[in-house]
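Source file model_0.cif; content: mmCIF, C-alpha atoms.
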data_coords
loop_
_atom_site.label_atom_id
_atom_site.label_comp_id
_atom_site.auth_asym_id
_atom_site.auth_seq_id
_atom_site.Cartn_x
_atom_site.Cartn_y
_atom_site.Cartn_z
CA MET A 1 -4.42 -20.83 -16.76
CA ARG A 2 -2.81 -22.92 -14.01
CA ARG A 3 0.12 -25.31 -14.28
CA PHE A 4 1.68 -27.19 -11.35
CA HIS A 5 4.87 -29.20 -11.04
CA GLY A 6 6.27 -31.07 -8.07
CA SER A 7 4.15 -31.83 -5.04
CA THR A 8 2.86 -30.21 -1.85
CA GLU A 9 1.84 -31.40 1.57
CA ILE A 10 -1.50 -29.77 2.35
CA ILE A 11 -1.75 -28.76 6.02
CA PHE A 12 -5.20 -27.35 5.30
CA THR A 13 -7.07 -25.73 2.42
CA ARG A 14 -10.44 -24.03 2.07
CA ILE A 15 -11.99 -23.12 -1.29
CA TYR A 16 -15.04 -20.89 -1.82
CA THR A 17 -17.20 -19.53 -4.60
CA PRO A 18 -18.64 -16.08 -3.89
CA SER A 19 -22.42 -16.27 -3.66
CA ALA A 20 -24.74 -14.25 -5.88
CA LYS A 21 -25.86 -12.28 -2.82
CA TYR A 22 -22.38 -11.20 -1.75
CA LYS A 23 -20.24 -11.33 -4.89
CA SER A 24 -20.43 -7.53 -5.21
CA LEU A 25 -18.67 -7.05 -1.86
CA PRO A 26 -15.38 -5.11 -2.10
CA PHE A 27 -13.43 -8.10 -0.70
CA CYS A 28 -14.15 -11.80 -1.27
CA ILE A 29 -12.18 -14.86 -0.21
CA GLU A 30 -11.79 -17.55 -2.86
CA SER A 31 -9.32 -19.79 -1.04
CA PHE A 32 -6.79 -19.89 1.78
CA SER A 33 -4.32 -22.70 2.40
CA HIS A 34 -1.20 -23.82 4.24
CA PHE A 35 1.28 -25.74 2.04
CA VAL A 36 4.67 -27.38 2.37
CA ALA A 37 6.13 -27.64 -1.15
CA ASN A 38 8.90 -30.01 -2.18
CA GLU A 39 12.13 -28.97 -3.89
CA ARG A 40 10.66 -29.46 -7.39
CA TYR A 41 7.53 -27.40 -6.74
CA SER A 42 6.48 -24.70 -9.20
CA VAL A 43 3.18 -23.13 -10.18
CA GLU A 44 2.27 -20.88 -13.11
CA ARG A 45 -0.89 -18.80 -13.32
CA ALA A 46 -2.43 -16.24 -15.65
CA ASP A 47 -5.84 -14.88 -16.66
CA LEU A 48 -7.43 -15.48 -13.25
CA ASN A 49 -9.70 -12.71 -11.99
CA CYS A 50 -8.27 -12.56 -8.47
CA TYR A 51 -5.17 -11.65 -6.46
CA VAL A 52 -2.59 -13.88 -4.80
CA VAL A 53 -1.30 -13.24 -1.29
CA LEU A 54 1.52 -15.59 -0.26
CA PHE A 55 3.35 -15.47 3.07
CA SER A 56 6.65 -17.37 3.30
CA ILE A 57 6.93 -19.36 6.54
CA LYS A 58 10.10 -21.39 5.93
CA GLY A 59 12.62 -21.75 3.13
CA GLN A 60 12.85 -19.58 0.04
CA GLY A 61 10.84 -19.23 -3.14
CA ILE A 62 11.41 -17.50 -6.46
CA LEU A 63 8.72 -15.26 -7.94
CA GLU A 64 8.74 -14.44 -11.65
CA TYR A 65 6.39 -11.52 -12.30
CA MET A 66 6.17 -8.51 -14.59
CA GLY A 67 9.40 -9.44 -16.35
CA LYS A 68 11.51 -9.64 -13.17
CA GLU A 69 12.60 -12.31 -10.70
CA TYR A 70 12.32 -11.88 -6.91
CA THR A 71 13.61 -14.03 -4.06
CA VAL A 72 10.99 -14.53 -1.34
CA SER A 73 12.43 -15.36 2.10
CA GLU A 74 10.93 -16.16 5.49
CA ASN A 75 8.49 -13.54 6.86
CA GLN A 76 8.10 -11.88 3.49
CA VAL A 77 4.79 -11.57 1.68
CA ILE A 78 3.94 -11.23 -2.00
CA PHE A 79 0.76 -9.68 -3.35
CA ILE A 80 0.21 -10.08 -7.10
CA ASP A 81 -2.47 -9.77 -9.76
CA SER A 82 -3.35 -13.23 -11.11
CA ARG A 83 -4.63 -11.79 -14.34
CA ILE A 84 -0.95 -11.27 -15.18
CA TYR A 85 1.31 -14.24 -15.86
CA HIS A 86 3.48 -15.25 -12.89
CA LYS A 87 5.45 -18.25 -11.71
CA TYR A 88 6.41 -19.24 -8.17
CA ARG A 89 8.85 -22.04 -7.40
CA SER A 90 11.00 -23.50 -4.64
CA ALA A 91 14.48 -22.00 -4.48
CA ASN A 92 17.88 -23.73 -4.25
CA GLY A 93 16.40 -27.22 -4.48
CA ASN A 94 14.88 -26.99 -0.99
CA LYS A 95 11.40 -27.28 0.45
CA CYS A 96 9.40 -24.16 1.19
CA GLU A 97 6.41 -23.62 3.46
CA PHE A 98 3.85 -20.88 2.99
CA TYR A 99 0.33 -19.58 3.54
CA PHE A 100 -1.51 -18.94 0.30
CA MET A 101 -4.67 -16.94 -0.38
CA LEU A 102 -6.75 -16.01 -3.40
CA ILE A 103 -8.84 -12.87 -2.88
CA SER A 104 -11.04 -10.86 -5.22
CA GLY A 105 -13.33 -7.84 -5.23
CA VAL A 106 -13.18 -4.24 -6.37
CA GLY A 107 -11.54 -3.08 -3.13
CA VAL A 108 -8.49 -5.30 -3.57
CA GLN A 109 -7.28 -3.31 -6.59
CA ALA A 110 -7.08 -0.12 -4.51
CA TYR A 111 -4.78 -1.69 -1.92
CA TYR A 112 -2.71 -3.30 -4.65
CA ASP A 113 -2.19 0.07 -6.32
CA ILE A 114 -1.25 1.73 -3.01
CA LEU A 115 1.23 -0.94 -1.96
CA PHE A 116 2.92 -1.41 -5.29
CA SER A 117 3.01 1.97 -6.97
CA GLU A 118 6.73 1.42 -7.50
CA LYS A 119 6.27 -2.05 -9.00
CA TYR A 120 8.09 -4.01 -6.31
CA TYR A 121 5.90 -6.91 -5.28
CA VAL A 122 7.68 -8.46 -2.27
CA LEU A 123 7.03 -6.79 1.10
CA GLU A 124 9.73 -7.20 3.73
CA PHE A 125 9.72 -7.40 7.51
CA PHE A 126 6.11 -8.50 7.72
CA ASP A 127 4.75 -9.44 11.17
CA SER A 128 3.96 -13.15 11.09
CA ASN A 129 1.47 -12.76 13.95
CA ILE A 130 -0.85 -10.76 11.70
CA ILE A 131 -1.09 -13.44 9.03
CA LYS A 132 -1.47 -16.17 11.67
CA LYS A 133 -4.28 -14.27 13.36
CA PHE A 134 -5.99 -13.78 10.01
CA ILE A 135 -5.75 -17.48 9.15
CA ASP A 136 -6.95 -18.57 12.63
CA THR A 137 -9.93 -16.20 12.42
CA MET A 138 -10.85 -17.43 8.95
CA LEU A 139 -10.68 -21.07 10.08
CA TYR A 140 -12.87 -20.23 13.08
CA LEU A 141 -15.44 -18.45 10.90
CA ASP A 142 -15.40 -21.31 8.40
CA GLY A 143 -16.11 -23.79 11.20
CA LYS A 144 -19.16 -21.82 12.35
CA HIS A 145 -20.91 -22.40 8.97
CA SER A 146 -22.55 -18.99 9.31
CA GLN A 147 -24.68 -17.53 6.53
CA GLN A 148 -22.80 -14.30 7.18
CA PHE A 149 -19.39 -15.91 6.57
CA GLU A 150 -18.78 -13.84 3.44
CA LEU A 151 -19.52 -10.60 5.28
CA TRP A 152 -17.10 -11.52 8.06
CA ALA A 153 -14.53 -12.61 5.49
CA CYS A 154 -14.88 -9.24 3.73
CA ARG A 155 -14.13 -7.44 6.98
CA GLN A 156 -11.16 -9.68 7.79
CA ILE A 157 -9.59 -9.17 4.35
CA ASN A 158 -10.02 -5.41 4.62
CA ASP A 159 -8.43 -5.34 8.10
CA PHE A 160 -5.59 -7.56 6.92
CA LEU A 161 -4.81 -5.36 3.91
CA ILE A 162 -4.91 -2.23 6.07
CA GLN A 163 -2.37 -3.79 8.45
CA LEU A 164 -0.26 -4.88 5.51
CA SER A 165 -0.27 -1.31 4.21
CA PHE A 166 0.58 0.18 7.61
CA LEU A 167 3.41 -2.22 8.35
CA ASN A 168 4.99 -1.74 4.98
CA SER A 169 4.72 2.03 5.20
CA GLU A 170 5.88 2.19 8.84
CA TYR A 171 9.09 0.36 8.01
CA ALA A 172 9.66 2.44 4.90
CA ASN A 173 8.71 5.70 6.66
CA SER A 174 11.12 5.26 9.56
CA ASP A 175 13.96 6.76 7.52
CA PHE A 176 11.91 9.88 6.80
CA VAL A 177 10.48 10.82 10.21
CA GLU A 178 13.05 13.57 10.72
CA VAL A 179 12.55 14.79 7.15
CA LEU A 180 8.78 15.15 7.59
CA GLU A 181 9.25 16.96 10.90
CA TYR A 182 11.71 19.33 9.23
CA ILE A 183 9.22 20.10 6.46
CA GLU A 184 6.43 20.83 8.97
CA LYS A 185 8.65 23.14 11.04
CA ASN A 186 9.93 25.03 8.01
CA ILE A 187 6.77 25.22 5.94
CA ASP A 188 7.09 29.03 5.84
CA LYS A 189 10.45 28.80 4.09
CA LYS A 190 11.73 27.63 0.74
CA ILE A 191 12.84 24.05 1.37
CA SER A 192 15.47 22.51 -0.90
CA ILE A 193 15.78 18.82 -1.67
CA ASP A 194 19.50 19.07 -0.90
CA GLU A 195 18.63 19.99 2.71
CA LEU A 196 16.34 16.96 3.05
CA ALA A 197 18.87 14.58 1.48
CA GLN A 198 21.48 15.76 3.99
CA ILE A 199 19.15 14.87 6.87
CA CYS A 200 19.01 11.27 5.54
CA LYS A 201 22.75 11.32 4.76
CA ILE A 202 22.22 10.09 1.21
CA SER A 203 22.63 11.63 -2.22
CA LYS A 204 19.93 13.85 -3.68
CA PHE A 205 19.29 11.28 -6.44
CA HIS A 206 18.77 8.39 -4.00
CA PHE A 207 16.72 10.54 -1.64
CA ILE A 208 14.24 11.48 -4.40
CA ARG A 209 14.02 7.87 -5.57
CA ARG A 210 13.44 6.44 -2.08
CA PHE A 211 10.98 9.16 -1.09
CA LYS A 212 8.88 8.56 -4.18
CA LYS A 213 8.89 4.82 -3.53
CA VAL A 214 7.53 5.33 0.00
CA TYR A 215 5.04 8.13 -0.58
CA SER A 216 4.11 7.67 -4.25
CA GLU A 217 4.93 11.31 -4.93
CA THR A 218 8.09 13.34 -5.32
CA PRO A 219 9.53 15.36 -2.42
CA TYR A 220 8.63 18.50 -4.39
CA GLY A 221 5.01 17.36 -4.68
CA TYR A 222 4.83 16.43 -0.99
CA ILE A 223 6.19 19.81 0.14
CA GLU A 224 3.78 21.65 -2.13
CA ARG A 225 0.83 19.62 -0.84
CA VAL A 226 1.76 20.33 2.80
CA LYS A 227 1.98 24.04 2.00
CA VAL A 228 -1.46 23.97 0.37
CA ASN A 229 -2.94 22.13 3.37
CA LYS A 230 -1.54 24.79 5.70
CA ALA A 231 -2.90 27.50 3.40
CA LYS A 232 -6.39 25.95 3.53
CA SER A 233 -6.40 26.22 7.32
CA LEU A 234 -5.22 29.83 7.22
CA LEU A 235 -7.86 30.71 4.64
CA LEU A 236 -10.67 29.24 6.73
CA TYR A 237 -9.65 30.23 10.25
CA THR A 238 -7.74 33.51 9.99
CA HIS A 239 -8.28 36.95 8.50
CA HIS A 240 -4.95 36.95 6.65
CA SER A 241 -5.10 38.08 3.05
CA VAL A 242 -4.15 35.78 0.20
CA ASP A 243 -0.89 37.71 -0.20
CA GLU A 244 -0.07 37.26 3.48
CA ILE A 245 -0.89 33.54 3.42
CA SER A 246 1.35 33.12 0.39
CA VAL A 247 4.28 34.37 2.51
CA LEU A 248 3.28 32.33 5.57
CA VAL A 249 3.45 29.07 3.61
CA GLY A 250 6.75 29.87 1.94
CA PHE A 251 5.88 30.82 -1.64
CA ASN A 252 8.08 33.33 -3.47
CA ASP A 253 5.12 35.26 -4.88
CA THR A 254 1.34 35.23 -4.77
CA SER A 255 0.84 34.19 -8.39
CA THR A 256 2.90 31.01 -7.84
CA PHE A 257 0.89 30.29 -4.68
CA ILE A 258 -2.44 30.74 -6.46
CA ARG A 259 -1.34 28.49 -9.33
CA SER A 260 -0.17 25.76 -6.92
CA PHE A 261 -3.33 26.02 -4.81
CA LYS A 262 -5.52 25.71 -7.88
CA ASN A 263 -3.58 22.64 -9.08
CA PHE A 264 -4.58 20.82 -5.88
CA THR A 265 -8.10 22.14 -5.34
CA ASN A 266 -9.36 23.24 -8.78
CA GLU A 267 -10.23 26.64 -7.34
CA THR A 268 -8.41 29.80 -6.32
CA PRO A 269 -7.63 30.55 -2.65
CA ARG A 270 -10.21 33.36 -2.65
CA ARG A 271 -12.91 31.11 -4.07
CA TYR A 272 -12.00 28.35 -1.59
CA ARG A 273 -12.41 30.79 1.31
CA GLU A 274 -15.76 32.04 0.01
CA SER A 275 -17.24 28.59 -0.61
CA ASN A 276 -16.08 26.77 2.56
CA PHE A 277 -17.20 27.52 6.08
CA SER A 278 -17.31 31.27 5.57
CA ASN A 279 -19.13 31.58 8.91
CA ASN A 280 -15.93 30.57 10.75
CA LEU A 281 -14.66 34.13 10.49
CA LYS A 282 -17.87 35.85 11.59
#
Translate this file's structure into structure tokens.
Amino acid sequence: MRRFHGSTEIIFTRIYTPSAKYKSLPFCIESFSHFVANERYSVERADLNCYVVLFSIKGQGILEYMGKEYTVSENQVIFIDSRIYHKYRSANGNKCEFYFMLISGVGVQAYYDILFSEKYYVLEFFDSNIIKKFIDTMLYLDGKHSQQFELWACRQINDFLIQLSFLNSEYANSDFVEVLEYIEKNIDKKISIDELAQICKISKFHFIRRFKKVYSETPYGYIERVKVNKAKSLLLYTHHSVDEISVLVGFNDTSTFIRSFKNFTNETPRRYRESNFSNNLK
């Protein structure tokens, strides 16, 4: 379903249908465009088997998606699933200018899940040079009329989504650099969430909420995973006993360590040591 209102000035638009040969690629381009929309512009979509990426160049837009409303300002990007109903419109009775892409493929879902595990679909502080480079490259490839266009497009989409993921996480992670360093340095101790919240100078409640939004896991889960990773290295490359390693990675007792290790690896520390690179200790 698509419904449009208002009008747009089309700077350029390219529309594609994935070929039978390449439609199983993890990333396919279905269209990319540059629009200037008037103050009455709105579009509604649903039940389309693809994803929308929209980068706001000038002005503001309003996104209605998943039961919420988001304001989209300059240098922000939205990434949404077109199978789900959504509406995008000009804000405050003004024009808005944006790049617009429709992409599909099994790989797109993975990036979508990574970026939006917390169900917030507008990414801030996005580098406009990345989207411009992507668009310029796609226009160049389109002009070459190469039979391998879809392969090159697949690579470009993958690279673009990787950069999108990195930029979003780098901005979000900047508040937690000191926290992560503290965890690494104190992995042999019992680390409390109160300590970590104090490093960020925010409440424990807000620290847990923000940490989970950035890393898609709780601080407790992250600490436990780091401890298990350290334990794996000690199991493979030292002669320490399981009891000793339990202490070295900050567990109160061996049984708790074994239970935690098994939750992450589906095997006990002893079994992990026996089944992985046992020759390292010879």
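If you measure from each of A:Tyr88, A:Phe79, A:Tyr16, A:Phe35 to Arg3 (chain A) using all atoms listed in the file, the closest one turns out to be A:Tyr88.
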For Cys50 (chain A), which residue out of A:Arg155, A:Arg2, A:Arg271, A:Arg83 is the nearest one, using only C-alpha atoms?
-> A:Arg83
So what does the PyMOL selection byres ((chain A and resi 47) around 8) actually pick up in this one, as a PyMOL selection string?
-> chain A and resi 1+45-46+48-49+82-85
Which is closest to Leu235 (chain A) among A:Pro269, A:Ser19, A:Asn252, A:Lys204, if we use only C-alpha atoms?
->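 Using only C-alpha atoms, Leu235 (chain A) sits closest to A:Pro269.
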Name the residues in contact with Lys185 (chain A) at a cut-off of 12 Å, using all atoms listed in the file, excluding same-chain residues fewer than 2 positions from it; report them as a ChimeraX atom specification.
-> /A:178-183,187-191,223,226-227,230,248-250
Mind giving me the straight-line distance from CA of Ser165 (chain A) to CA of Gln76 (chain A) in Å, one decimal?
-> 13.5 Å
Atom pair CA of Lys212 (chain A) / CA of Phe251 (chain A): separation (Å) |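 Separating CA of Lys212 (chain A) from CA of Phe251 (chain A) is a distance of 22.6 Å.
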Go ahead and compute the interatomic distance for CA of Glu74 (chain A) and CA of Asn38 (chain A), in Å to one decimal.
-> 16.0 Å
Hey, which of A:Ser33, A:Val242, A:Ser233, A:Gln60 ends up closest to Thr254 (chain A)? Count all atoms listed in the file.
->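 Nearest candidate to Thr254 (chain A) out of A:Ser33, A:Val242, A:Ser233, A:Gln60: A:Val242.
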